[in-house]
Structures are given as C-alpha cells and as structure tokens.
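Here the structure comes first, spelled out in structure tokens, and everything after it is commentary.
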Amino acid sequence: MSSENALLLAGNLTETALVVMLIYRRAWRTLPFFFIYSLETLAGSILYFFVLRYWQHQALHTYFYESVLDAALQFCVLVELTWSVFRPYRRALPPATAFLLGILIAIAGMAIWPFTEATAFAHFSHQWQLLGRLQQTDSILRVLFFLALAGCSQLLSIGWKDRELQVATGLGFYSLVSLTVIMVQSHQVAGPQYRMVDDFLEAAYNFSLVYWIVCFAQKEAARREFSPQMQSVLLAVAGAARSMRIAASDSVTSARKDKRP
C-alpha cells in the first residue's frame, strides 16, 4: 500500500472515530455545525474514494464542489464557536448578536481576500484559481480566529479544556500547515516532492482529527464566568442595544399616532 493510500485510509478511520465520539458526547446539542462539518468530511472522503475508483473522470468536479461546501461549513463553525463563547451571557445579548458576529467574520474574510494569491494554481483554469484563493482566505481566517481566541482567553475565561478553544486549535493547526503547503507548492513543479508535501498536509489533518478525538473523549470543562472587564463590556453592549430597541419602538409608536386623524 502506498503512503498516499495509507494516509487516506487513516483519515477515513479517524474521521469515523471522531463522528462516533461526537455522537457519544451529543455534540450536536452544543456545536451542531461542527458536528455537521465532521459528518460532511467523512461523507466527502468516502464519496471521493468511490469517485476515484469508479468515476475518475468526475474526480476534479467532485473535489471542487466538496471543497466549496467544506469552506462554507468551516465559516459556519467559526460563527458557531464565537457565539458559543458568549454562552453564559446569551440572554443578556440582543437576539441578532449571532447574525452580527457572522457579518463581522465575513468582513474579516473579505479583508483577507485581496492579499491571497493563486500562484500554486496558475496552471489551472480561472475557476480553480478562485477555489485556490478561497481556500487560502479560509485558512488565514481560521488561523487568525484561533490567535484571537487564544489571545482573548483571559478576558473570556476560557482555557485549553474548553470545547471552543479545542476546536479552534485543531482548525488553526491544520490551516497553518495548509498555508505552508500552498506556499511551498507554489515554488515547485509536479513531481515526487510535490506529492510528498501533499502527504504531509494529509498527515497534519489526521493529527487534528486525533487531537479532537482525545479532547472530546474527556468531559467538557465547566464554563467559568467572564472576567470583570468582559462582563462590563457585554453589559454595556446589551444596555445600548436595549436602549436603541426602545427608542426605535417609541419612534414607530409616535409615527403611528401622528398618522391618526
């Protein structure tokens, strides 16, 4: 068995083990998008295996659409992790906070997009170059998200035993390796070295899967209260949002009264 096939098989086994562990921990209750993402990666790997074996002419199209879906789900996972961090104070926050967080993360992605390049995909069509830039943007966004979450861990009162930081760590590690692989391959031509770097990326992905399995095998740590500074910020945001909602409601009421004969 070649190293490529061995890594793919190991990936399928670890993806299956992760999904089983997530089901055992009932992760769909607290992290539904991460659970869906894990199911999608497992289903995508199995589908891609059969496509390579029986419909090889469809392999590139399958990889393209699966990669786009994968990027979209990972974006949802980032929004979910951000919203999950604020779990202790969700009731005090406006209902539209989760939507606002998604917009902020999307804006961050759009800010990263102009700085990405598709050199590694220059010999492909325009469609594949766009996919390359999307993957680079998504990887950079995940790395920055992990750094921001780890950097604000004291304010948010989260540590390495908290699910949010554990999931972000696995995504951040794999994304950092992915960016490194893209940079290396952009200066290489196709050959054994090119394939070797791809194998290294697959091994890094398997490492992230094993890390998640180990993390979810342990009981989730009890959430601590936010630091006093973070509590003050959240209460101020909640108060401002409540005041704006009341002011808007009063404006609508006054306008309706003015329209009456």
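Convention: chains lettered A, B, ... in structure tokens order; per-chain residue numbering from 1; ligands numbered from 1 as shown.
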Open item on the list: What's around range 142-148 of chain A at 7 Å? Count only C-alpha atoms, leave out sequence neighbours fewer than 3 positions away in its own chain, and write the answer as a PyMOL selection string.
Closed with: chain A and resi 138-139+151-152+168-169+171-172+175-176
Task: Residue set, range 74-200 of chain A restricted to helix (DSSP H, G or I), as a PyMOL selection string - done: chain A and resi 74-85+87-92+97-115+119-121+126-151+153-156+163-185+192-200
- [ ] Can you work out which one of A:Arg133, A:Cys215, A:Tyr48, A:Gly109 has the shortest atom-to-atom distance to Gln166 in chain A, counting only C-alpha atoms?
- [x] A:Cys215
Task: Proximity to Phe64 in chain A - best of A:Ser153, A:Gln129, A:Thr97, A:Thr30, only C-alpha atoms - done: A:Gln129
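You can rank A:Leu31, A:Leu101, A:Ala43, A:Ile213 by their closest distance to Gly170 in chain A using only C-alpha atoms, and at the top of that list sits A:Ile213.
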Open item on the list: Give me the residues near Leu141 in chain A as a ChimeraX atom specification, where near means some atom within 12 Å (using only C-alpha atoms) and where sequence neighbours in that chain fewer than 5 positions away do not count.
Closed with: /A:71,74-75,77-79,104-113,115-116,134-136,146-148,168,171-172,175-176,179
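Nearest residue to Ile103 in chain A, choosing from A:Cys76, A:Ala10, A:Ile23, A:Val210 and counting only C-alpha atoms: A:Cys76.
The space between CA of Ser208 in chain A and CA of Tyr174 in chain A spans 6.5 Å.
Each of A:Gln56, A:Gln218, A:Thr14, A:Thr41 was checked against Arg163 in chain A using only C-alpha atoms; the smallest atom-to-atom distance is that of A:Gln218.
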How close does range 117-175 of chain A get to range 80-95 of chain A? List, as JSON lines, each residue of range 117-175 of chain A within 9 Å, its nearest atom pair and the distance in Å to one decimal, counting only C-alpha atoms.
{"residue": "A:Leu149", "atom": "CA", "partner": "A:Thr82", "partner_atom": "CA", "distance": 8.6}
{"residue": "A:Leu156", "atom": "CA", "partner": "A:Val85", "partner_atom": "CA", "distance": 7.4}
{"residue": "A:Ile158", "atom": "CA", "partner": "A:Val85", "partner_atom": "CA", "distance": 8.1}
{"residue": "A:Arg163", "atom": "CA", "partner": "A:Leu81", "partner_atom": "CA", "distance": 8.7}
{"residue": "A:Glu164", "atom": "CA", "partner": "A:Leu81", "partner_atom": "CA", "distance": 5.6}
{"residue": "A:Leu165", "atom": "CA", "partner": "A:Leu81", "partner_atom": "CA", "distance": 8.4}
{"residue": "A:Val167", "atom": "CA", "partner": "A:Leu81", "partner_atom": "CA", "distance": 8.2}
{"residue": "A:Ala168", "atom": "CA", "partner": "A:Leu81", "partner_atom": "CA", "distance": 7.9}
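As for CA of Ile36 in chain A and CA of Asp199 in chain A, they are spaced 25.4 Å apart.
Relative to CA of Tyr37 in chain A, CA of Ala72 in chain A is found at 9.4 Å.
You can rank A:Leu100, A:Ala150, A:Leu155, A:Leu8 by their closest distance to Asp198 in chain A using only C-alpha atoms, and at the top of that list sits A:Leu8.
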